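Content type mmCIF, C-alpha atoms, from the file query_27.cif:
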```
data_final
loop_
_atom_site.label_atom_id
_atom_site.label_comp_id
_atom_site.auth_asym_id
_atom_site.auth_seq_id
_atom_site.Cartn_x
_atom_site.Cartn_y
_atom_site.Cartn_z
CA MET S 14 -135.71 53.77 30.82
CA SER S 15 -133.09 55.10 28.44
CA THR S 16 -133.90 54.70 24.81
CA SER S 17 -130.39 55.55 23.68
CA SER S 18 -128.66 52.49 25.16
CA PRO S 19 -128.72 49.42 22.92
CA PRO S 20 -131.36 46.84 23.76
CA MET S 21 -130.34 43.94 25.99
CA LEU S 22 -132.13 41.52 23.69
CA ARG S 23 -133.13 42.08 20.11
CA ALA S 24 -134.73 39.93 17.45
CA GLN S 25 -135.30 40.95 13.89
CA GLY S 26 -137.42 39.23 11.28
CA LEU S 27 -137.37 36.12 13.41
CA SER S 28 -139.06 33.07 11.89
CA ARG S 29 -139.25 29.41 12.66
CA THR S 30 -141.09 27.06 10.36
CA TYR S 31 -141.64 23.34 10.60
CA GLY S 32 -142.47 20.90 7.83
CA ARG S 33 -142.79 21.94 4.23
CA ASP S 34 -145.16 22.61 1.36
CA ALA S 35 -148.78 22.03 2.34
CA ALA S 36 -147.71 20.91 5.82
CA LEU S 37 -145.65 24.04 6.46
CA VAL S 38 -146.22 25.46 9.93
CA ARG S 39 -145.07 29.00 10.66
CA ALA S 40 -144.65 28.77 14.42
CA VAL S 41 -142.93 32.15 14.54
CA ASP S 42 -143.52 34.34 11.53
CA GLY S 43 -141.33 37.40 11.16
CA VAL S 44 -141.18 38.75 14.69
CA ASP S 45 -139.31 41.92 15.69
CA LEU S 46 -138.58 42.44 19.37
CA GLU S 47 -136.45 44.76 21.45
CA VAL S 48 -136.09 44.39 25.18
CA ALA S 49 -134.30 47.18 27.03
CA ALA S 50 -131.95 46.50 29.92
CA GLY S 51 -133.96 46.14 33.11
CA GLU S 52 -137.24 45.80 31.28
CA THR S 53 -139.83 43.08 31.89
CA VAL S 54 -141.69 42.05 28.77
CA ALA S 55 -144.52 39.54 28.76
CA VAL S 56 -145.67 37.74 25.63
CA MET S 57 -149.21 36.45 25.92
CA GLY S 58 -151.28 34.34 23.64
CA PRO S 59 -153.32 31.16 23.39
CA SER S 60 -151.54 27.82 23.37
CA GLY S 61 -150.09 27.12 19.95
CA CYS S 62 -149.57 30.80 19.12
CA GLY S 63 -145.79 30.30 18.95
CA LYS S 64 -144.79 31.98 22.17
CA SER S 65 -142.82 29.04 23.55
CA THR S 66 -141.05 28.56 20.25
CA LEU S 67 -140.16 32.25 20.33
CA LEU S 68 -138.69 31.89 23.80
CA HIS S 69 -136.67 28.86 22.73
CA LEU S 70 -135.29 30.81 19.79
CA LEU S 71 -134.38 33.78 21.97
CA GLY S 72 -132.63 31.49 24.43
CA GLY S 73 -130.71 29.50 21.83
CA LEU S 74 -132.57 26.27 22.58
CA ASP S 75 -133.75 26.20 18.99
CA ARG S 76 -132.46 27.81 15.80
CA PRO S 77 -134.47 30.24 13.69
CA THR S 78 -135.30 29.49 10.07
CA ALA S 79 -134.70 33.16 9.32
CA GLY S 80 -133.87 36.35 11.15
CA GLU S 81 -131.33 37.61 13.65
CA ILE S 82 -131.03 37.47 17.43
CA TRP S 83 -128.76 39.76 19.37
CA LEU S 84 -127.96 39.44 23.06
CA SER S 85 -126.50 42.78 24.02
CA ALA S 86 -123.78 43.33 21.38
CA GLN S 87 -123.46 39.70 20.37
CA ARG S 88 -125.30 38.08 17.49
CA THR S 89 -126.34 34.66 18.74
CA ASP S 90 -128.30 32.92 16.01
CA GLN S 91 -125.19 31.92 14.07
CA LEU S 92 -123.06 30.72 16.97
CA SER S 93 -121.57 27.24 16.92
CA GLU S 94 -123.24 24.61 19.09
CA ARG S 95 -120.45 24.92 21.63
CA ALA S 96 -120.61 28.69 21.85
CA LEU S 97 -124.37 28.51 22.08
CA ALA S 98 -124.19 26.03 24.96
CA ARG S 99 -121.85 28.39 26.79
CA LEU S 100 -124.20 31.28 26.14
CA ARG S 101 -127.16 29.33 27.52
CA ARG S 102 -125.17 28.53 30.62
CA ASP S 103 -123.67 31.95 31.33
CA GLY S 104 -125.72 34.59 29.54
CA ILE S 105 -129.28 33.40 29.90
CA GLY S 106 -131.35 32.14 32.80
CA PHE S 107 -134.22 29.78 32.02
CA VAL S 108 -137.34 29.19 34.07
CA PHE S 109 -139.74 26.50 32.87
CA GLN S 110 -143.28 25.56 33.74
CA ALA S 111 -142.22 22.10 34.91
CA PHE S 112 -139.25 23.45 36.93
CA HIS S 113 -136.72 21.01 35.38
CA LEU S 114 -134.78 20.50 38.59
CA MET S 115 -132.45 17.53 39.04
CA ASP S 116 -134.39 15.20 41.32
CA GLU S 117 -131.36 13.57 42.87
CA LEU S 118 -129.72 16.88 43.85
CA THR S 119 -130.68 19.02 46.85
CA ALA S 120 -131.99 22.54 46.38
CA VAL S 121 -128.60 24.13 46.98
CA GLU S 122 -126.87 21.62 44.68
CA ASN S 123 -129.33 22.44 41.91
CA VAL S 124 -128.70 26.14 42.30
CA GLU S 125 -124.89 25.86 42.38
CA LEU S 126 -124.73 23.57 39.36
CA PRO S 127 -124.57 26.28 36.67
CA GLY S 128 -121.77 27.99 38.63
CA LEU S 129 -119.79 24.78 38.86
CA LEU S 130 -120.33 24.09 35.16
CA ALA S 131 -119.06 27.59 34.43
CA GLY S 132 -115.87 26.72 36.30
CA HIS S 133 -116.40 28.68 39.50
CA PRO S 134 -114.60 27.27 42.56
CA PRO S 135 -116.93 24.98 44.53
CA ARG S 136 -116.77 27.12 47.62
CA ALA S 137 -117.74 30.28 45.72
CA ALA S 138 -120.48 28.43 43.85
CA ARG S 139 -121.91 27.13 47.11
CA ARG S 140 -121.79 30.56 48.70
CA ARG S 141 -123.57 32.12 45.74
CA ALA S 142 -126.20 29.36 45.75
CA ALA S 143 -126.86 29.87 49.45
CA GLU S 144 -127.28 33.61 48.89
CA LEU S 145 -129.72 33.03 46.07
CA LEU S 146 -131.78 30.56 48.08
CA ASP S 147 -131.93 33.13 50.83
CA GLN S 148 -133.06 35.71 48.30
CA VAL S 149 -135.95 33.51 47.17
CA GLY S 150 -136.89 32.80 50.79
CA LEU S 151 -135.73 29.19 50.90
CA ALA S 152 -132.56 29.34 52.99
CA ASP S 153 -134.04 26.76 55.36
CA ARG S 154 -134.79 24.35 52.50
CA ALA S 155 -131.28 24.26 51.04
CA ARG S 156 -130.66 20.60 51.88
CA HIS S 157 -134.07 19.36 50.76
CA LEU S 158 -134.53 17.29 47.64
CA PRO S 159 -137.04 18.71 45.13
CA SER S 160 -139.44 15.89 46.02
CA ALA S 161 -139.64 17.31 49.55
CA LEU S 162 -140.60 20.78 48.27
CA SER S 163 -143.96 22.19 47.18
CA GLY S 164 -144.50 23.29 43.59
CA GLY S 165 -144.04 26.93 44.50
CA GLN S 166 -140.84 26.18 46.37
CA ARG S 167 -139.49 24.16 43.46
CA GLN S 168 -140.17 27.02 41.10
CA ARG S 169 -138.37 29.41 43.43
CA VAL S 170 -135.37 27.05 43.47
CA ALA S 171 -135.51 27.02 39.68
CA ILE S 172 -135.54 30.82 39.63
CA ALA S 173 -132.56 30.91 41.99
CA ARG S 174 -130.77 28.53 39.65
CA ALA S 175 -131.61 30.73 36.66
CA LEU S 176 -129.90 33.63 38.41
CA SER S 177 -126.80 31.64 39.33
CA ASN S 178 -124.47 33.05 36.69
CA GLN S 179 -125.92 36.56 36.72
CA PRO S 180 -127.48 36.22 33.29
CA ALA S 181 -128.06 39.18 31.01
CA VAL S 182 -131.62 37.99 30.49
CA VAL S 183 -133.98 35.64 32.30
CA LEU S 184 -136.43 33.82 30.01
CA ALA S 185 -139.45 32.28 31.68
CA ASP S 186 -141.91 29.91 29.99
CA GLU S 187 -145.25 29.72 31.85
CA PRO S 188 -143.50 30.04 35.22
CA THR S 189 -146.79 29.91 37.12
CA GLY S 190 -148.44 27.31 34.90
CA ASN S 191 -148.24 24.53 37.48
CA LEU S 192 -148.81 26.58 40.60
CA ASP S 193 -151.79 27.29 42.82
CA SER S 194 -152.85 30.81 43.68
CA GLU S 195 -150.73 31.14 46.80
CA ALA S 196 -147.57 29.86 45.13
CA THR S 197 -148.27 32.06 42.12
CA LEU S 198 -148.24 35.05 44.43
CA ASP S 199 -144.81 34.03 45.77
CA VAL S 200 -143.44 33.78 42.26
CA LEU S 201 -145.03 37.12 41.32
CA ARG S 202 -143.41 38.72 44.32
CA LEU S 203 -140.09 37.25 43.32
CA PHE S 204 -140.33 38.50 39.74
CA GLU S 205 -141.25 41.94 41.05
CA SER S 206 -138.14 42.01 43.20
CA LEU S 207 -135.98 40.88 40.26
CA HIS S 208 -137.50 43.64 38.21
CA THR S 209 -136.74 46.18 40.93
CA ALA S 210 -133.18 44.89 41.04
CA GLY S 211 -132.83 45.68 37.34
CA GLN S 212 -132.97 42.16 35.92
CA THR S 213 -134.05 41.97 32.27
CA LEU S 214 -136.92 39.52 31.96
CA VAL S 215 -138.96 37.97 29.17
CA ILE S 216 -141.97 35.94 30.26
CA VAL S 217 -144.24 33.99 27.94
CA THR S 218 -147.50 33.02 29.54
CA HIS S 219 -151.23 32.81 29.31
CA ASP S 220 -151.57 33.71 32.99
CA ALA S 221 -152.83 37.30 33.12
CA ARG S 222 -151.52 37.73 36.65
CA ILE S 223 -147.90 37.23 35.73
CA ALA S 224 -148.32 39.11 32.47
CA ALA S 225 -149.63 42.07 34.45
CA THR S 226 -146.30 42.38 36.28
CA ALA S 227 -144.59 43.35 33.03
CA ASP S 228 -143.69 46.83 31.81
CA ARG S 229 -144.82 45.87 28.37
CA LEU S 230 -147.19 43.25 27.16
CA ILE S 231 -147.19 41.77 23.69
CA SER S 232 -150.08 39.70 22.36
CA MET S 233 -149.14 36.93 19.99
CA ARG S 234 -151.37 34.98 17.64
CA ASP S 235 -150.49 32.57 14.86
CA GLY S 236 -146.79 33.32 15.12
CA VAL S 237 -147.03 37.11 14.88
CA PHE S 238 -147.28 40.00 17.31
CA ILE S 239 -150.70 41.57 17.01
CA ASP S 240 -150.84 44.05 19.85
CA GLU S 241 -148.50 45.75 22.24
CA THR S 242 -149.38 47.51 25.47
CA ARG S 243 -147.29 49.52 27.87
CA LEU S 244 -148.66 48.67 31.29
CA THR S 245 -146.68 51.24 33.22
CA GLY S 246 -148.01 54.75 33.55
CA GLY S 247 -151.42 53.64 32.39
CA THR S 248 -154.78 55.27 32.82
CA ALA S 249 -156.15 52.84 35.36
CA GLY S 250 -158.70 54.29 37.72
CA ASP S 251 -158.16 54.34 41.43
CA LEU S 252 -158.52 51.06 43.24
CA GLY S 253 -161.43 52.30 45.33
CA SER S 254 -163.72 52.47 42.34
CA LEU S 255 -162.71 48.93 41.39
CA ALA S 256 -163.91 47.70 44.76
CA GLY S 257 -167.24 49.48 44.44
CA LEU S 258 -166.36 52.29 46.81
CA GLU S 259 -167.50 55.06 44.48
CA GLY S 260 -170.86 56.71 45.06
CA MET Z 26 -182.61 49.87 28.22
CA GLN Z 27 -179.39 51.75 27.80
CA GLN Z 28 -179.55 54.47 25.20
CA GLU Z 29 -176.24 53.62 23.56
CA VAL Z 30 -177.26 50.01 23.06
CA VAL Z 31 -180.40 51.04 21.20
CA LEU Z 32 -178.46 53.57 19.16
CA ALA Z 33 -175.81 51.03 18.23
CA MET Z 34 -178.47 48.56 17.12
CA LEU Z 35 -179.72 51.23 14.73
CA ALA Z 36 -176.28 51.88 13.31
CA LYS Z 37 -176.55 49.15 10.71
CA GLU Z 38 -179.60 50.60 8.96
CA PRO Z 39 -182.78 52.57 9.71
CA SER Z 40 -185.22 50.18 11.34
CA HIS Z 41 -188.64 49.72 12.81
CA GLY Z 42 -188.86 49.36 16.54
CA TYR Z 43 -189.86 45.72 16.24
CA GLN Z 44 -186.76 45.02 14.13
CA LEU Z 45 -184.61 46.51 16.86
CA ARG Z 46 -186.32 44.34 19.41
CA ALA Z 47 -185.72 41.27 17.30
CA ARG Z 48 -182.03 42.13 16.96
CA LEU Z 49 -181.68 42.55 20.70
CA ARG Z 50 -183.55 39.30 21.31
CA GLN Z 51 -181.25 37.47 18.95
CA ALA Z 52 -178.10 38.89 20.52
CA LEU Z 53 -179.21 38.26 24.07
CA GLY Z 54 -180.88 34.88 23.66
CA PRO Z 55 -182.68 33.73 26.80
CA LEU Z 56 -181.52 36.89 28.60
CA GLY Z 57 -183.53 38.92 26.12
CA GLU Z 58 -186.75 37.19 27.20
CA ALA Z 59 -186.89 39.37 30.28
CA MET Z 60 -186.64 42.48 28.14
CA ASN Z 61 -189.66 44.70 28.31
CA ASP Z 62 -190.82 45.60 24.78
CA GLY Z 63 -192.20 48.95 25.91
CA GLN Z 64 -188.77 49.93 27.19
CA VAL Z 65 -187.29 50.01 23.71
CA TYR Z 66 -189.97 52.47 22.61
CA VAL Z 67 -189.51 54.60 25.71
CA THR Z 68 -185.80 54.76 24.95
CA LEU Z 69 -186.42 55.54 21.27
CA THR Z 70 -188.74 58.41 22.21
CA ARG Z 71 -186.09 59.82 24.53
CA LEU Z 72 -183.43 59.49 21.85
CA GLU Z 73 -185.69 61.28 19.37
CA LYS Z 74 -186.20 64.17 21.81
CA ALA Z 75 -182.45 64.35 22.36
CA GLY Z 76 -181.90 64.67 18.62
CA LEU Z 77 -179.95 61.42 18.38
CA VAL Z 78 -182.46 59.63 16.16
CA THR Z 79 -185.10 60.69 13.70
CA ALA Z 80 -188.45 58.93 13.44
CA GLU Z 81 -190.01 58.70 10.00
CA GLN Z 82 -193.72 58.02 9.92
CA ALA Z 83 -194.86 55.80 7.08
CA ALA Z 84 -197.55 57.63 5.09
CA GLY Z 85 -201.19 56.84 5.78
CA VAL Z 86 -200.55 54.84 8.92
CA ALA Z 87 -201.78 55.58 12.40
CA ASP Z 88 -199.31 57.43 14.63
CA ARG Z 89 -197.92 54.47 16.51
CA PRO Z 90 -194.33 54.07 17.58
CA ASP Z 91 -194.05 50.56 16.11
CA ARG Z 92 -194.92 51.95 12.66
CA LYS Z 93 -192.10 54.44 12.64
CA VAL Z 94 -188.75 53.92 11.01
CA TYR Z 95 -185.94 55.14 13.24
CA ALA Z 96 -182.57 56.34 11.94
CA LEU Z 97 -179.45 57.77 13.53
CA THR Z 98 -178.70 61.48 13.23
CA PRO Z 99 -175.03 62.54 12.84
CA GLU Z 100 -175.06 63.25 16.60
CA GLY Z 101 -176.39 59.75 17.19
CA GLN Z 102 -173.63 58.27 15.08
CA GLN Z 103 -171.09 60.23 17.04
CA ARG Z 104 -172.50 58.96 20.31
CA VAL Z 105 -172.28 55.35 19.07
CA ALA Z 106 -168.69 55.81 17.93
CA GLY Z 107 -167.77 57.24 21.32
CA TRP Z 108 -169.49 54.40 23.11
CA LEU Z 109 -167.66 51.78 21.03
CA ALA Z 110 -164.30 53.38 21.77
CA GLU Z 111 -164.95 53.71 25.50
CA VAL Z 112 -163.00 51.42 27.81
CA SER Z 113 -163.84 51.11 31.46
CA TRP Z 114 -164.31 48.59 34.26
CA PRO Z 115 -166.28 47.15 36.08
CA ARG Z 116 -168.77 48.83 33.80
CA PRO Z 117 -169.68 48.07 31.11
CA GLY Z 118 -171.38 44.95 32.41
CA LEU Z 119 -171.34 41.70 30.49
CA SER Z 120 -174.44 42.31 28.39
CA GLU Z 121 -173.46 45.86 27.47
CA PHE Z 122 -170.01 44.78 26.34
CA HIS Z 123 -171.45 41.82 24.47
CA LEU Z 124 -173.93 44.05 22.64
CA LYS Z 125 -171.12 46.44 21.83
CA LEU Z 126 -169.31 43.68 19.95
CA VAL Z 127 -172.49 42.50 18.26
CA ALA Z 128 -173.43 46.02 17.16
CA ALA Z 129 -169.91 46.90 16.03
CA ALA Z 130 -169.75 43.79 13.87
CA ALA Z 131 -173.26 44.12 12.47
CA ALA Z 132 -172.85 47.74 11.45
CA GLY Z 133 -169.22 47.36 10.39
CA LEU Z 134 -168.40 50.35 12.61
CA ALA Z 135 -165.44 48.82 14.38
CA ASP Z 136 -163.56 45.56 14.49
CA PRO Z 137 -164.85 43.59 17.49
CA LEU Z 138 -161.33 42.24 17.98
CA SER Z 139 -159.87 45.70 18.42
CA ILE Z 140 -162.58 46.49 20.96
CA VAL Z 141 -161.61 43.30 22.79
CA ASP Z 142 -157.94 44.29 22.65
CA ALA Z 143 -158.62 47.76 24.03
CA GLN Z 144 -160.70 46.35 26.86
CA ARG Z 145 -158.01 43.78 27.63
CA ARG Z 146 -155.35 46.48 27.86
CA GLU Z 147 -157.51 48.36 30.32
CA LEU Z 148 -158.13 45.28 32.46
CA LEU Z 149 -154.46 44.33 32.49
CA ARG Z 150 -153.48 47.79 33.67
CA ARG Z 151 -155.98 47.51 36.47
CA LEU Z 152 -154.82 44.00 37.26
CA ARG Z 153 -151.30 45.28 37.52
CA ASP Z 154 -152.35 48.05 39.92
CA ALA Z 155 -154.47 45.79 42.09
CA GLN Z 156 -151.78 43.14 42.20
CA ARG Z 157 -149.05 45.59 43.10
CA ALA Z 158 -151.19 46.94 45.89
CA ALA Z 159 -151.85 43.38 47.11
CA LEU Z 160 -148.15 42.52 47.07
CA ALA Z 161 -147.34 45.68 49.01
CA GLU Z 162 -149.73 44.84 51.84
CA PRO Z 163 -148.20 43.35 54.98
CA ALA Z 164 -148.81 39.64 55.53
CA GLY Z 165 -152.17 38.90 57.10
CA SER Z 166 -153.70 42.24 56.16
CA ALA Z 167 -157.46 42.11 55.72
CA ALA Z 168 -157.23 44.59 52.84
CA THR Z 169 -155.35 41.95 50.86
CA LEU Z 170 -158.57 39.96 50.73
CA LEU Z 171 -160.41 42.81 49.06
CA LEU Z 172 -157.59 43.30 46.57
CA GLU Z 173 -157.59 39.58 45.90
CA GLY Z 174 -161.29 39.86 45.09
CA ILE Z 175 -160.58 42.56 42.53
CA VAL Z 176 -157.78 40.49 41.04
CA LEU Z 177 -159.99 37.41 40.73
CA ARG Z 178 -162.79 39.39 39.08
CA LEU Z 179 -160.36 40.93 36.62
CA GLN Z 180 -158.96 37.50 35.84
CA ALA Z 181 -162.45 36.15 35.21
CA ASP Z 182 -163.21 39.04 32.87
CA LEU Z 183 -159.91 38.53 31.06
CA ARG Z 184 -160.80 34.89 30.50
CA TRP Z 185 -164.15 35.90 29.11
CA LEU Z 186 -162.40 38.33 26.76
CA GLU Z 187 -160.39 35.37 25.47
CA ALA Z 188 -163.65 33.61 24.69
CA CYS Z 189 -164.97 36.76 22.96
CA GLU Z 190 -161.78 36.92 20.96
CA ARG Z 191 -162.09 33.30 19.84
CA HIS Z 192 -165.71 33.78 18.80
CA TRP Z 193 -165.13 36.94 16.79
CA THR Z 194 -161.94 35.58 15.24
CA ARG Z 195 -163.90 32.64 13.89
CA ARG Z 196 -166.53 35.01 12.54
CA GLU Z 197 -163.88 36.96 10.68
CA ASP Z 198 -162.33 33.80 9.29
CA ASP Z 199 -165.73 32.66 8.04
CA SER Z 200 -166.54 35.85 6.24
#
```
Write the structure described by the file as structure tokens, please.
Amino acid sequence: MSTSSPPMLRAQGLSRTYGRDAALVRAVDGVDLEVAAGETVAVMGPSGCGKSTLLHLLGGLDRPTAGEIWLSAQRTDQLSERALARLRRDGIGFVFQAFHLMDELTAVENVELPGLLAGHPPRAARRRAAELLDQVGLADRARHLPSALSGGQRQRVAIARALSNQPAVVLADEPTGNLDSEATLDVLRLFESLHTAGQTLVIVTHDARIAATADRLISMRDGVFIDETRLTGGTAGDLGSLAGLEG
Amino acid sequence: MQQEVVLAMLAKEPSHGYQLRARLRQALGPLGEAMNDGQVYVTLTRLEKAGLVTAEQAAGVADRPDRKVYALTPEGQQRVAGWLAEVSWPRPGLSEFHLKLVAAAAAGLADPLSIVDAQRRELLRRLRDAQRAALAEPAGSAATLLLEGIVLRLQADLRWLEACERHWTRREDDS
């Protein structure tokens, strides 16, 4: 990973407080973050540590009390509401724990929606949506309503939708939080393939399995980053010894 | 009884053997009931021979191990520091890791939370490796099952580390 190219996503001195005086809550308290292009970063921490708030700030779903956010070369924390809405639609892909699919739309209609909203011709949007559903292994479920899909399938539709407009960054909030072990594995596999394809990803989670797919893992507590670990190129022993194969 | 555990329990201050036993009992609770008292003395004698502890005989008392005051030598201190910094898996087992945190906190040798963090980093790296290997296996492969076992164990240990973290965070907040 090149260190000379500017980060894809950058936050500096980022803070978000709620309430005031004695009731002041520092949900995010002076966080600095740089995510390189093509990097997967996981932010882990107990519930209430501020990780979801951080993700909302990064994605322009919420505004910081202080600090700067840069998406590639664009500063985003001061954008107008309209510009911010456009950025959320075209520059950022969101994946949520509860999927947030439109119940009355089929899988393919959900996935093509961001393309249509961005003004792509319906035919092109449909073609792109079909490709993405194929990519997440759900080509044969394109015409199903979300209610006819399993949790894992719904999350894969949601991931396909997040990729619709080829976002600079995908932000995922507990993407495996509602999934069983099997479905979690499908989502893990999908994130791995996105990573291989060079997609920049930020995942906030308390699921160690998904966090372990990241290049870099940040631990968050009480609104601040307390520890950072590079998971690639680690010192892990060989798998045989883990399974008790050593003498 | 593992040598490093006994050494670490001495790190706080020179102690009689029975004081060490009491500390271990307190840290291990019901699990310490099964501990053989003689074992602590056997371990202390070995440590003395290895030059890791010194045994000071109180004057005018019969030569009995439970009357001696044991203290760490510089080599002993070094060994304890190395043990605290060591990260590995699946060893140390639960009780060894637990005693590591207890001893580190009691002697003020290391922050239990940074020991937890280091161990977590190690487990996450291993989780990543095991998971990658599992994802790379063809569908229906029997080896996947073994890898899944490793992944589940690592996850369980990671959850326990969260509990350790909560406990020792509270301790720090209290002090």
List the residues matched by the PyMOL selection byres ((chain S and resi 122-125) around 7) in the displayed structure as a PDB file with C-alpha atoms, in the coordinates of the input, ordered by chain and then by residue number.
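result21.pdb written:
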```pdb
ATOM      1  CA  LEU S 114    -134.780  20.500  38.590  1.00  0.00           C
ATOM      2  CA  MET S 115    -132.450  17.530  39.040  1.00  0.00           C
ATOM      3  CA  LEU S 118    -129.720  16.880  43.850  1.00  0.00           C
ATOM      4  CA  THR S 119    -130.680  19.020  46.850  1.00  0.00           C
ATOM      5  CA  ALA S 120    -131.990  22.540  46.380  1.00  0.00           C
ATOM      6  CA  VAL S 121    -128.600  24.130  46.980  1.00  0.00           C
ATOM      7  CA  LEU S 126    -124.730  23.570  39.360  1.00  0.00           C
ATOM      8  CA  PRO S 127    -124.570  26.280  36.670  1.00  0.00           C
ATOM      9  CA  GLY S 128    -121.770  27.990  38.630  1.00  0.00           C
ATOM     10  CA  LEU S 129    -119.790  24.780  38.860  1.00  0.00           C
ATOM     11  CA  ALA S 138    -120.480  28.430  43.850  1.00  0.00           C
ATOM     12  CA  ARG S 139    -121.910  27.130  47.110  1.00  0.00           C
ATOM     13  CA  ALA S 142    -126.200  29.360  45.750  1.00  0.00           C
ATOM     14  CA  VAL S 170    -135.370  27.050  43.470  1.00  0.00           C
ATOM     15  CA  ALA S 173    -132.560  30.910  41.990  1.00  0.00           C
ATOM     16  CA  ARG S 174    -130.770  28.530  39.650  1.00  0.00           C
ATOM     17  CA  SER S 177    -126.800  31.640  39.330  1.00  0.00           C
TER      18      SER S 177
END
```
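When all atoms listed in the file are used to compute distances to chain Z, the closest of the residues S:Met57, S:Ala137, S:Val183, S:Val38 turns out to be S:Met57.
One distance worth recording is that between atom CA of Pro59 of chain S and atom CA of Arg202 of chain S, which is 24.4 Å.
Shown here are all protein and nucleic acid residues lying within 12 Å of (-181.3, 65.2, 21.8), with all atoms listed in the file considered: Gln28, Thr68, Leu69, Thr70, Arg71, Leu72, Glu73, Lys74, Ala75, Gly76, Leu77, Val78, Thr79, Leu97, Thr98, Pro99, Glu100, Gly101 and Arg104 of chain Z.
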If you keep C-alpha atoms, can you produce a file of those selected residues as an mmCIF file, in the frame of the given file?
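Resulting contents of result-v8.cif:
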```
data_model
loop_
_atom_site.group_PDB
_atom_site.id
_atom_site.type_symbol
_atom_site.label_atom_id
_atom_site.label_comp_id
_atom_site.auth_asym_id
_atom_site.auth_seq_id
_atom_site.Cartn_x
_atom_site.Cartn_y
_atom_site.Cartn_z
ATOM 1 C CA GLN Z 28 -179.550 54.470 25.200
ATOM 2 C CA THR Z 68 -185.800 54.760 24.950
ATOM 3 C CA LEU Z 69 -186.420 55.540 21.270
ATOM 4 C CA THR Z 70 -188.740 58.410 22.210
ATOM 5 C CA ARG Z 71 -186.090 59.820 24.530
ATOM 6 C CA LEU Z 72 -183.430 59.490 21.850
ATOM 7 C CA GLU Z 73 -185.690 61.280 19.370
ATOM 8 C CA LYS Z 74 -186.200 64.170 21.810
ATOM 9 C CA ALA Z 75 -182.450 64.350 22.360
ATOM 10 C CA GLY Z 76 -181.900 64.670 18.620
ATOM 11 C CA LEU Z 77 -179.950 61.420 18.380
ATOM 12 C CA VAL Z 78 -182.460 59.630 16.160
ATOM 13 C CA THR Z 79 -185.100 60.690 13.700
ATOM 14 C CA LEU Z 97 -179.450 57.770 13.530
ATOM 15 C CA THR Z 98 -178.700 61.480 13.230
ATOM 16 C CA PRO Z 99 -175.030 62.540 12.840
ATOM 17 C CA GLU Z 100 -175.060 63.250 16.600
ATOM 18 C CA GLY Z 101 -176.390 59.750 17.190
ATOM 19 C CA ARG Z 104 -172.500 58.960 20.310
#
```
- Query: Which neighbours of Gly106 of chain S fall inside 9 Å, counting all atoms listed in the file, when residues of the same chain fewer than 3 positions from it are skipped, and could you give them as a PyMOL selection string?
  - Reply: chain S and resi 72+101-103+172+174-185
Restricted to C-alpha atoms, what would the selected residues look like written as a tab-separated table (two decimals), in the frame of the given file?
```tsv
chain	number	residue	atom	x	y	z
S	72	GLY	CA	-132.63	31.49	24.43
S	101	ARG	CA	-127.16	29.33	27.52
S	102	ARG	CA	-125.17	28.53	30.62
S	103	ASP	CA	-123.67	31.95	31.33
S	172	ILE	CA	-135.54	30.82	39.63
S	174	ARG	CA	-130.77	28.53	39.65
S	175	ALA	CA	-131.61	30.73	36.66
S	176	LEU	CA	-129.90	33.63	38.41
S	177	SER	CA	-126.80	31.64	39.33
S	178	ASN	CA	-124.47	33.05	36.69
S	179	GLN	CA	-125.92	36.56	36.72
S	180	PRO	CA	-127.48	36.22	33.29
S	181	ALA	CA	-128.06	39.18	31.01
S	182	VAL	CA	-131.62	37.99	30.49
S	183	VAL	CA	-133.98	35.64	32.30
S	184	LEU	CA	-136.43	33.82	30.01
S	185	ALA	CA	-139.45	32.28	31.68
```
- Could you jot down the atom CA of Thr89 of chain S to atom CA of Leu203 of chain S separation for me, Å, one decimal place? 28.3 Å
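For the file at hand, the PyMOL selection byres ((chain Z and resi 35) around 10) resolves to Glu29, Val30, Val31, Leu32, Ala33, Met34, Ala36, Lys37, Glu38, Pro39, Ser40, His41, Gly42, Gln44, Leu45, Arg48, Val78, Tyr95, Ala96, Leu97, Gly101, Gln102, Val105, Ala128, Ala131 and Ala132 of chain Z.
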- Message: Using all atoms listed in the file and a cut-off of 6 Å, which residues of chain Z sit close to chain S? Please list them as a ChimeraX atom specification.
- Response: /Z:149-151,153
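Selecting by distance to (-132.5, 41.1, 34.9) with a limit of 6 Å and using all atoms listed in the file, one obtains S:Gly51, S:Val182, S:Gly211, S:Gln212, S:Thr213, S:Leu214.
If you look at atom CA of Gly43 of chain S and atom CA of Trp185 of chain Z, they are 29.1 Å away from each other.
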- Query: Could you write out as a list in words the residues that the PyMOL selection byres ((chain Z and resi 148) around 9) matches in the shown file?
  - Reply: Ala249 of chain S; Ser113, Trp114, Ala143, Gln144, Arg145, Arg146, Glu147, Leu149, Arg150, Arg151, Leu152, Arg153, Leu179, Gln180, Asp182 and Leu183 of chain Z
I need the residues from that last selection saved to file as a compact mmCIF listing (two decimals), keeping the file's coordinate frame (with C-alpha atoms), if you can.
```txt
# COMPACT_ATOMS: atom_id res chain seq x y z
CA ALA S 249 -156.15 52.84 35.36
CA SER Z 113 -163.84 51.11 31.46
CA TRP Z 114 -164.31 48.59 34.26
CA ALA Z 143 -158.62 47.76 24.03
CA GLN Z 144 -160.70 46.35 26.86
CA ARG Z 145 -158.01 43.78 27.63
CA ARG Z 146 -155.35 46.48 27.86
CA GLU Z 147 -157.51 48.36 30.32
CA LEU Z 149 -154.46 44.33 32.49
CA ARG Z 150 -153.48 47.79 33.67
CA ARG Z 151 -155.98 47.51 36.47
CA LEU Z 152 -154.82 44.00 37.26
CA ARG Z 153 -151.30 45.28 37.52
CA LEU Z 179 -160.36 40.93 36.62
CA GLN Z 180 -158.96 37.50 35.84
CA ASP Z 182 -163.21 39.04 32.87
CA LEU Z 183 -159.91 38.53 31.06
```
